[in-house]
Amino acid sequence: MASHDAHTGHDHEAHGSDGHAGHSHEPGHAHAPASFGKAFAIGIALNVGFVAVEATYGVLSNSVALLADAGHNLSDVLGLVVAWIAMVLAKRAPSARYTYGMKGSSILAALFNAVFLLVAVGAIAWEAIQRFGEPAPVAGKTVMIVAAVGILVNGITAWLFASGAKGDINIKGAFLHMAADAAVSAGVVIAGLVILYTGWTWLDPVVSLAIVTVIVWSTWGLLRDSLTLSLAAVPPGIDPDAVRNHLEGLPGVAALHDLHVWAMSTTETCLTAHLVMPDGRPDDTFLMTAAKGIKERFGIGHTTLQVETSADTPCALAPDHVV
């Protein structure tokens with residue numbers, strides 16, 4: 001039941017030796033655009049500039065609300081920086097200690113942004129609930145103008161990440177962070193205008209809670225996916241039973257055990273499995289074809305297969321409860 005790996009092709013489509021193991025190394029399950037470095041640079045620059053302007057007007061107008069929002073927007077910069085650092089780290093070459101490189105940092109960044117965003121909206125919700133008992137003064141024109149600028153800045157930044165939000169949950173985290181802030185700023189402007197004309201001070205906390213609800217709803221999926229990926233769960237969109245059936249249906253495969261599918265990063269997926277093939281060890285063509293089929297059908301680009309030629313081989317990893 002030994003497994004051997006050796007390079008058999010320049011493009012890394014599959015590796016194998018003696019028919020024992022096959023290995024594919026290609027982009028994984030959901031592949032986002034290669035780089036968002038420019039988007040991160042522009043987004044961070046826009047938000048740092050906005051924080052500076054907001055803090056300045058906060059001091060000049062003696063507005064605690066503006067100063068508080070400047071601090072909140074500074075936290076957005078932190079979220080973008082964390083996501084950018086993770087993206088850079090994920091591209092680092094493997095080392096003797098980090099044999100997969102630091103690809104998993106993108107998963108941790110997505111988890112950080114999901115938790116960070118939920119904490120932020122929790123603070124907004126708490127403040128909104130308190131305002132029902134003690135209505136805050138109507139937002140001044142200066143506050144509304146700055147909030148309107150915030151819609152523009154955060155909206156542009158969110159748009160920069162929109163194309164990668166579906167394919168990479170690290171990018172999705174950055175997108176949701178900025179989209180959420182654009183929504184909060186829009187709430188400030190809309191509620192402020194309505195209150196100025198109607199005097200309905202209760203509208204401010206109601207709008208805030210409505211926005212919080214939308215943000216929590218959209219962020220919950222990011223939290224769930226990033227948490228499950230960090231625990232080496234099968235990535236969303238991949239049916240493990242379908243993967244098992246596909247492998248068991250390969251020519252010459254009599255049985256399958258020790259199947260594992262997990263995320264190496266937010267865009268790359270790994271698979272390992274032991275195939276029982278009583279007719280003998282397959283050649284490299286079988287291994288490469290198997291890896292290609294797994295990639296094309298399931299988007300799993302990093303596949304390692306170990307072949308055992310007898311069902312009677314006492315493989316220590318054969319029982320389903322053993323990992």
# chains A, B, ... in the order shown; residues from 1 in each chain; ligands from 1

$ residues_around --residues "Leu46 of chain A" --least-positions-apart "3" --cutoff "12 Å" --atoms "only C-alpha atoms" --output "NGL selection string"
:A and (39-43 or 49-53 or 73-74 or 76-77 or 80 or 149-158 or 160 or 178)

$ write_last_selection --atoms "N, CA and C atoms" --output "mmCIF file, in the first residue's frame"
data_model
loop_
_atom_site.group_PDB
_atom_site.id
_atom_site.type_symbol
_atom_site.label_atom_id
_atom_site.label_comp_id
_atom_site.auth_asym_id
_atom_site.auth_seq_id
_atom_site.Cartn_x
_atom_site.Cartn_y
_atom_site.Cartn_z
ATOM 1 N N ALA A 39 -6.753 46.657 -6.664
ATOM 2 C CA ALA A 39 -8.014 46.988 -5.994
ATOM 3 C C ALA A 39 -7.774 47.282 -4.519
ATOM 4 N N PHE A 40 -6.938 46.461 -3.870
ATOM 5 C CA PHE A 40 -6.632 46.689 -2.460
ATOM 6 C C PHE A 40 -5.912 48.028 -2.279
ATOM 7 N N ALA A 41 -4.951 48.330 -3.136
ATOM 8 C CA ALA A 41 -4.193 49.580 -3.017
ATOM 9 C C ALA A 41 -5.110 50.792 -3.163
ATOM 10 N N ILE A 42 -5.984 50.753 -4.176
ATOM 11 C CA ILE A 42 -6.907 51.871 -4.398
ATOM 12 C C ILE A 42 -7.901 51.983 -3.241
ATOM 13 N N GLY A 43 -8.450 50.841 -2.823
ATOM 14 C CA GLY A 43 -9.425 50.840 -1.740
ATOM 15 C C GLY A 43 -8.857 51.377 -0.442
ATOM 16 N N GLY A 49 -7.812 58.299 2.953
ATOM 17 C CA GLY A 49 -8.115 59.696 2.651
ATOM 18 C C GLY A 49 -9.441 60.129 3.242
ATOM 19 N N PHE A 50 -10.439 59.246 3.152
ATOM 20 C CA PHE A 50 -11.761 59.561 3.701
ATOM 21 C C PHE A 50 -11.716 59.693 5.221
ATOM 22 N N VAL A 51 -10.968 58.827 5.868
ATOM 23 C CA VAL A 51 -10.819 58.898 7.329
ATOM 24 C C VAL A 51 -10.204 60.238 7.736
ATOM 25 N N ALA A 52 -9.185 60.664 6.982
ATOM 26 C CA ALA A 52 -8.518 61.929 7.293
ATOM 27 C C ALA A 52 -9.487 63.104 7.158
ATOM 28 N N VAL A 53 -10.274 63.110 6.073
ATOM 29 C CA VAL A 53 -11.242 64.186 5.846
ATOM 30 C C VAL A 53 -12.325 64.167 6.921
ATOM 31 N N ASN A 73 -14.369 53.729 10.153
ATOM 32 C CA ASN A 73 -13.806 53.583 8.809
ATOM 33 C C ASN A 73 -12.325 53.209 8.854
ATOM 34 N N LEU A 74 -11.646 53.600 9.912
ATOM 35 C CA LEU A 74 -10.255 53.190 10.072
ATOM 36 C C LEU A 74 -10.182 51.668 10.266
ATOM 37 N N ASP A 76 -12.149 49.656 8.809
ATOM 38 C CA ASP A 76 -12.313 49.094 7.459
ATOM 39 C C ASP A 76 -10.968 48.956 6.767
ATOM 40 N N VAL A 77 -10.113 49.948 6.982
ATOM 41 C CA VAL A 77 -8.770 49.887 6.410
ATOM 42 C C VAL A 77 -8.048 48.654 6.940
ATOM 43 N N LEU A 80 -9.246 45.583 5.103
ATOM 44 C CA LEU A 80 -8.664 45.505 3.760
ATOM 45 C C LEU A 80 -7.196 45.087 3.821
ATOM 46 N N VAL A 149 -20.442 61.261 0.993
ATOM 47 C CA VAL A 149 -19.107 60.977 0.441
ATOM 48 C C VAL A 149 -18.709 59.536 0.789
ATOM 49 N N GLY A 150 -19.087 59.104 1.989
ATOM 50 C CA GLY A 150 -18.795 57.738 2.419
ATOM 51 C C GLY A 150 -19.454 56.701 1.526
ATOM 52 N N ILE A 151 -20.680 56.995 1.073
ATOM 53 C CA ILE A 151 -21.362 56.095 0.139
ATOM 54 C C ILE A 151 -20.522 55.927 -1.119
ATOM 55 N N LEU A 152 -20.016 57.047 -1.626
ATOM 56 C CA LEU A 152 -19.222 57.031 -2.856
ATOM 57 C C LEU A 152 -17.923 56.254 -2.660
ATOM 58 N N VAL A 153 -17.198 56.572 -1.598
ATOM 59 C CA VAL A 153 -15.900 55.932 -1.345
ATOM 60 C C VAL A 153 -16.068 54.429 -1.116
ATOM 61 N N ASN A 154 -16.984 54.067 -0.228
ATOM 62 C CA ASN A 154 -17.185 52.651 0.082
ATOM 63 C C ASN A 154 -17.816 51.902 -1.085
ATOM 64 N N GLY A 155 -18.689 52.585 -1.820
ATOM 65 C CA GLY A 155 -19.309 51.958 -2.984
ATOM 66 C C GLY A 155 -18.288 51.642 -4.063
ATOM 67 N N ILE A 156 -17.395 52.583 -4.340
ATOM 68 C CA ILE A 156 -16.347 52.358 -5.342
ATOM 69 C C ILE A 156 -15.430 51.212 -4.899
ATOM 70 N N THR A 157 -15.057 51.220 -3.621
ATOM 71 C CA THR A 157 -14.174 50.178 -3.107
ATOM 72 C C THR A 157 -14.848 48.811 -3.202
ATOM 73 N N ALA A 158 -16.118 48.727 -2.841
ATOM 74 C CA ALA A 158 -16.848 47.456 -2.943
ATOM 75 C C ALA A 158 -16.910 46.991 -4.393
ATOM 76 N N LEU A 160 -14.785 47.457 -6.705
ATOM 77 C CA LEU A 160 -13.478 46.943 -7.121
ATOM 78 C C LEU A 160 -13.328 45.450 -6.813
ATOM 79 N N MET A 178 -16.965 46.580 2.723
ATOM 80 C CA MET A 178 -17.154 47.896 2.121
ATOM 81 C C MET A 178 -18.604 48.140 1.730
#

$ closest_atom_pairs --of "segment 171-245 of chain A" --to "segment 117-136 of chain A" --cutoff "9 Å" --atoms "only C-alpha atoms" --output "tab-separated table"
residue	atom	partner	partner_atom	distance
A:Gly173	CA	A:Leu117	CA	8.8
A:Leu176	CA	A:Leu117	CA	8.5
A:His177	CA	A:Leu117	CA	6.5
A:Ala180	CA	A:Leu117	CA	8.5
A:Thr201	CA	A:Pro135	CA	6.2
A:Trp202	CA	A:Phe132	CA	6.4
A:Asp204	CA	A:Ala128	CA	7.7
A:Pro205	CA	A:Ala128	CA	4.4
A:Val206	CA	A:Ala128	CA	7.4
A:Val207	CA	A:Ala128	CA	8.8
A:Ser208	CA	A:Ala128	CA	6.3
A:Leu209	CA	A:Ala125	CA	5.8
A:Ile211	CA	A:Val121	CA	8.9
A:Val212	CA	A:Val121	CA	5.8
A:Thr213	CA	A:Val121	CA	8.9
A:Ile215	CA	A:Val121	CA	7.6
A:Val216	CA	A:Leu118	CA	6.7
A:Thr219	CA	A:Leu118	CA	7.4
A:Trp220	CA	A:Leu118	CA	8.5
A:Leu223	CA	A:Leu118	CA	9.0

$ select_by_dssp --residues "segment 46-250 of chain A" --states "strand (DSSP E)" --output "count of residues only"
4

$ closest_residue --among "A:Ile238, A:Val146, A:Ala186, A:Met102" --to "Thr56 of chain A" --atoms "only C-alpha atoms"
A:Val146

$ select_by_dssp --residues "segment 52-233 of chain A" --states "helix (DSSP H, G or I)" --output "PyMOL selection string"
chain A and resi 52-60+64-90+105-133+141-162+169-198+203-230

$ residues_around --residues "Asp312 of chain A" --least-positions-apart "4" --cutoff "10 Å" --atoms "only C-alpha atoms" --output "PyMOL selection string"
chain A and resi 276+278+308

$ write_last_selection --atoms "C-alpha atoms" --output "PDB file, in the first residue's frame"
ATOM      1  CA  VAL A 276      -8.179  -0.724  -4.166  1.00  0.00           C
ATOM      2  CA  PRO A 278      -7.024  -5.941  -7.630  1.00  0.00           C
ATOM      3  CA  GLU A 308      -3.538  -0.805  -3.128  1.00  0.00           C
TER       4      GLU A 308
END

$ closest_atom_pairs --of "segment 30-146 of chain A" --to "segment 250-264 of chain A" --cutoff "10 Å" --atoms "only C-alpha atoms" --output "Markdown table"
| residue | atom | partner | partner_atom | distance |
| --- | --- | --- | --- | --- |
| A:Ala90 | CA | A:Met264 | CA | 9.7 |
| A:Tyr100 | CA | A:Met264 | CA | 7.5 |
| A:Gly101 | CA | A:Met264 | CA | 9.5 |
| A:Met102 | CA | A:Met264 | CA | 9.0 |
| A:Lys103 | CA | A:Met264 | CA | 6.2 |
| A:Gly104 | CA | A:Met264 | CA | 5.9 |
| A:Ser105 | CA | A:Met264 | CA | 9.5 |
| A:Ser106 | CA | A:Met264 | CA | 9.4 |
| A:Ile107 | CA | A:Ala263 | CA | 8.7 |

$ residues_around --residues "Asn113 of chain A" --least-positions-apart "2" --cutoff "8 Å" --atoms "only C-alpha atoms" --output "NGL selection string"
:A and (79 or 83 or 109-111 or 115-117 or 173-174 or 177)

$ write_last_selection --atoms "N, CA, C and O atoms" --output "tab-separated table (two decimals), in the first residue's frame"
chain	number	residue	atom	x	y	z
A	79	GLY	N	-9.40	45.86	7.91
A	79	GLY	CA	-9.97	44.69	7.25
A	79	GLY	C	-9.39	44.49	5.86
A	79	GLY	O	-9.08	43.37	5.45
A	83	ALA	N	-6.94	41.32	4.50
A	83	ALA	CA	-7.28	40.54	3.31
A	83	ALA	C	-6.16	40.61	2.27
A	83	ALA	O	-5.85	39.61	1.61
A	109	ALA	N	-8.10	35.01	6.93
A	109	ALA	CA	-8.47	36.41	6.69
A	109	ALA	C	-9.97	36.55	6.48
A	109	ALA	O	-10.59	37.50	6.97
A	110	ALA	N	-10.56	35.62	5.73
A	110	ALA	CA	-12.01	35.66	5.52
A	110	ALA	C	-12.75	35.49	6.84
A	110	ALA	O	-13.75	36.17	7.10
A	111	LEU	N	-12.26	34.58	7.68
A	111	LEU	CA	-12.88	34.36	8.99
A	111	LEU	C	-12.74	35.61	9.86
A	111	LEU	O	-13.71	36.03	10.53
A	115	VAL	N	-15.98	37.80	11.34
A	115	VAL	CA	-16.16	38.06	12.77
A	115	VAL	C	-16.10	39.56	13.05
A	115	VAL	O	-16.92	40.11	13.80
A	116	PHE	N	-15.13	40.23	12.43
A	116	PHE	CA	-14.92	41.66	12.63
A	116	PHE	C	-16.17	42.44	12.21
A	116	PHE	O	-16.62	43.37	12.90
A	117	LEU	N	-16.76	42.04	11.08
A	117	LEU	CA	-17.93	42.74	10.56
A	117	LEU	C	-19.15	42.51	11.46
A	117	LEU	O	-19.92	43.44	11.73
A	173	GLY	N	-15.07	38.75	1.68
A	173	GLY	CA	-15.02	39.43	2.97
A	173	GLY	C	-14.73	40.92	2.80
A	173	GLY	O	-15.36	41.76	3.45
A	174	ALA	N	-13.77	41.25	1.93
A	174	ALA	CA	-13.45	42.65	1.67
A	174	ALA	C	-14.64	43.36	1.03
A	174	ALA	O	-14.98	44.49	1.38
A	177	HIS	N	-17.46	43.95	3.59
A	177	HIS	CA	-17.07	44.98	4.55
A	177	HIS	C	-17.36	46.37	3.98
A	177	HIS	O	-17.95	47.23	4.64

$ decode --residues "segment 173-188 of chain A" --atoms "all heavy atoms" --output "PDB file, in the first residue's frame"
ATOM      1  N   GLY A 173     -15.070  38.751   1.681  1.00  0.00           N
ATOM      2  CA  GLY A 173     -15.017  39.433   2.969  1.00  0.00           C
ATOM      3  C   GLY A 173     -14.734  40.919   2.804  1.00  0.00           C
ATOM      4  O   GLY A 173     -15.361  41.759   3.447  1.00  0.00           O
ATOM      5  N   ALA A 174     -13.768  41.247   1.929  1.00  0.00           N
ATOM      6  CA  ALA A 174     -13.450  42.652   1.671  1.00  0.00           C
ATOM      7  C   ALA A 174     -14.643  43.362   1.028  1.00  0.00           C
ATOM      8  O   ALA A 174     -14.982  44.492   1.382  1.00  0.00           O
ATOM      9  CB  ALA A 174     -12.227  42.744   0.755  1.00  0.00           C
ATOM     10  N   PHE A 175     -15.289  42.665   0.083  1.00  0.00           N
ATOM     11  CA  PHE A 175     -16.451  43.248  -0.601  1.00  0.00           C
ATOM     12  C   PHE A 175     -17.592  43.550   0.378  1.00  0.00           C
ATOM     13  O   PHE A 175     -18.154  44.654   0.377  1.00  0.00           O
ATOM     14  CB  PHE A 175     -16.931  42.281  -1.690  1.00  0.00           C
ATOM     15  CG  PHE A 175     -18.276  42.640  -2.266  1.00  0.00           C
ATOM     16  CD1 PHE A 175     -18.399  43.665  -3.192  1.00  0.00           C
ATOM     17  CD2 PHE A 175     -19.422  41.965  -1.872  1.00  0.00           C
ATOM     18  CE1 PHE A 175     -19.636  44.010  -3.716  1.00  0.00           C
ATOM     19  CE2 PHE A 175     -20.666  42.301  -2.379  1.00  0.00           C
ATOM     20  CZ  PHE A 175     -20.776  43.322  -3.310  1.00  0.00           C
ATOM     21  N   LEU A 176     -17.923  42.563   1.225  1.00  0.00           N
ATOM     22  CA  LEU A 176     -19.025  42.754   2.164  1.00  0.00           C
ATOM     23  C   LEU A 176     -18.726  43.853   3.172  1.00  0.00           C
ATOM     24  O   LEU A 176     -19.623  44.611   3.569  1.00  0.00           O
ATOM     25  CB  LEU A 176     -19.321  41.438   2.899  1.00  0.00           C
ATOM     26  CG  LEU A 176     -20.023  40.348   2.090  1.00  0.00           C
ATOM     27  CD1 LEU A 176     -20.204  39.093   2.934  1.00  0.00           C
ATOM     28  CD2 LEU A 176     -21.380  40.837   1.580  1.00  0.00           C
ATOM     29  N   HIS A 177     -17.457  43.947   3.590  1.00  0.00           N
ATOM     30  CA  HIS A 177     -17.073  44.982   4.545  1.00  0.00           C
ATOM     31  C   HIS A 177     -17.365  46.368   3.978  1.00  0.00           C
ATOM     32  O   HIS A 177     -17.950  47.232   4.645  1.00  0.00           O
ATOM     33  CB  HIS A 177     -15.584  44.843   4.864  1.00  0.00           C
ATOM     34  CG  HIS A 177     -15.261  45.134   6.286  1.00  0.00           C
ATOM     35  ND1 HIS A 177     -14.588  44.273   7.113  1.00  0.00           N
ATOM     36  CD2 HIS A 177     -15.530  46.207   7.059  1.00  0.00           C
ATOM     37  CE1 HIS A 177     -14.451  44.792   8.311  1.00  0.00           C
ATOM     38  NE2 HIS A 177     -15.013  45.967   8.292  1.00  0.00           N
ATOM     39  N   MET A 178     -16.965  46.580   2.723  1.00  0.00           N
ATOM     40  CA  MET A 178     -17.154  47.896   2.121  1.00  0.00           C
ATOM     41  C   MET A 178     -18.604  48.140   1.730  1.00  0.00           C
ATOM     42  O   MET A 178     -19.123  49.252   1.870  1.00  0.00           O
ATOM     43  CB  MET A 178     -16.242  48.041   0.892  1.00  0.00           C
ATOM     44  CG  MET A 178     -14.762  47.774   1.162  1.00  0.00           C
ATOM     45  SD  MET A 178     -14.136  48.495   2.708  1.00  0.00           S
ATOM     46  CE  MET A 178     -14.459  50.228   2.469  1.00  0.00           C
ATOM     47  N   ALA A 179     -19.294  47.108   1.251  1.00  0.00           N
ATOM     48  CA  ALA A 179     -20.707  47.260   0.896  1.00  0.00           C
ATOM     49  C   ALA A 179     -21.538  47.568   2.134  1.00  0.00           C
ATOM     50  O   ALA A 179     -22.484  48.368   2.083  1.00  0.00           O
ATOM     51  CB  ALA A 179     -21.207  45.974   0.225  1.00  0.00           C
ATOM     52  N   ALA A 180     -21.184  46.939   3.252  1.00  0.00           N
ATOM     53  CA  ALA A 180     -21.899  47.195   4.501  1.00  0.00           C
ATOM     54  C   ALA A 180     -21.743  48.648   4.925  1.00  0.00           C
ATOM     55  O   ALA A 180     -22.716  49.292   5.355  1.00  0.00           O
ATOM     56  CB  ALA A 180     -21.382  46.268   5.597  1.00  0.00           C
ATOM     57  N   ASP A 181     -20.537  49.175   4.802  1.00  0.00           N
ATOM     58  CA  ASP A 181     -20.316  50.574   5.196  1.00  0.00           C
ATOM     59  C   ASP A 181     -21.047  51.540   4.274  1.00  0.00           C
ATOM     60  O   ASP A 181     -21.529  52.588   4.713  1.00  0.00           O
ATOM     61  CB  ASP A 181     -18.821  50.887   5.205  1.00  0.00           C
ATOM     62  CG  ASP A 181     -18.194  50.517   6.531  1.00  0.00           C
ATOM     63  OD1 ASP A 181     -18.935  50.023   7.400  1.00  0.00           O
ATOM     64  OD2 ASP A 181     -16.988  50.704   6.697  1.00  0.00           O
ATOM     65  N   ALA A 182     -21.108  51.190   2.977  1.00  0.00           N
ATOM     66  CA  ALA A 182     -21.856  52.030   2.045  1.00  0.00           C
ATOM     67  C   ALA A 182     -23.334  52.048   2.449  1.00  0.00           C
ATOM     68  O   ALA A 182     -23.990  53.094   2.391  1.00  0.00           O
ATOM     69  CB  ALA A 182     -21.696  51.512   0.617  1.00  0.00           C
ATOM     70  N   ALA A 183     -23.852  50.903   2.883  1.00  0.00           N
ATOM     71  CA  ALA A 183     -25.249  50.811   3.306  1.00  0.00           C
ATOM     72  C   ALA A 183     -25.494  51.627   4.574  1.00  0.00           C
ATOM     73  O   ALA A 183     -26.521  52.312   4.696  1.00  0.00           O
ATOM     74  CB  ALA A 183     -25.626  49.353   3.549  1.00  0.00           C
ATOM     75  N   VAL A 184     -24.566  51.558   5.519  1.00  0.00           N
ATOM     76  CA  VAL A 184     -24.703  52.337   6.752  1.00  0.00           C
ATOM     77  C   VAL A 184     -24.698  53.834   6.446  1.00  0.00           C
ATOM     78  O   VAL A 184     -25.515  54.601   6.979  1.00  0.00           O
ATOM     79  CB  VAL A 184     -23.567  51.993   7.743  1.00  0.00           C
ATOM     80  CG1 VAL A 184     -23.582  52.960   8.926  1.00  0.00           C
ATOM     81  CG2 VAL A 184     -23.713  50.555   8.244  1.00  0.00           C
ATOM     82  N   SER A 185     -23.793  54.259   5.572  1.00  0.00           N
ATOM     83  CA  SER A 185     -23.732  55.673   5.199  1.00  0.00           C
ATOM     84  C   SER A 185     -25.015  56.108   4.501  1.00  0.00           C
ATOM     85  O   SER A 185     -25.522  57.215   4.732  1.00  0.00           O
ATOM     86  CB  SER A 185     -22.530  55.920   4.271  1.00  0.00           C
ATOM     87  OG  SER A 185     -21.313  55.685   4.949  1.00  0.00           O
ATOM     88  N   ALA A 186     -25.555  55.230   3.646  1.00  0.00           N
ATOM     89  CA  ALA A 186     -26.810  55.546   2.964  1.00  0.00           C
ATOM     90  C   ALA A 186     -27.940  55.687   3.980  1.00  0.00           C
ATOM     91  O   ALA A 186     -28.802  56.579   3.852  1.00  0.00           O
ATOM     92  CB  ALA A 186     -27.146  54.445   1.956  1.00  0.00           C
ATOM     93  N   GLY A 187     -27.921  54.828   5.004  1.00  0.00           N
ATOM     94  CA  GLY A 187     -28.935  54.918   6.053  1.00  0.00           C
ATOM     95  C   GLY A 187     -28.874  56.234   6.799  1.00  0.00           C
ATOM     96  O   GLY A 187     -29.905  56.831   7.129  1.00  0.00           O
ATOM     97  N   VAL A 188     -27.648  56.703   7.055  1.00  0.00           N
ATOM     98  CA  VAL A 188     -27.462  57.986   7.750  1.00  0.00           C
ATOM     99  C   VAL A 188     -28.066  59.122   6.925  1.00  0.00           C
ATOM    100  O   VAL A 188     -28.783  59.990   7.449  1.00  0.00           O
ATOM    101  CB  VAL A 188     -25.965  58.254   8.009  1.00  0.00           C
ATOM    102  CG1 VAL A 188     -25.756  59.683   8.509  1.00  0.00           C
ATOM    103  CG2 VAL A 188     -25.410  57.255   9.009  1.00  0.00           C
TER     104      VAL A 188
END
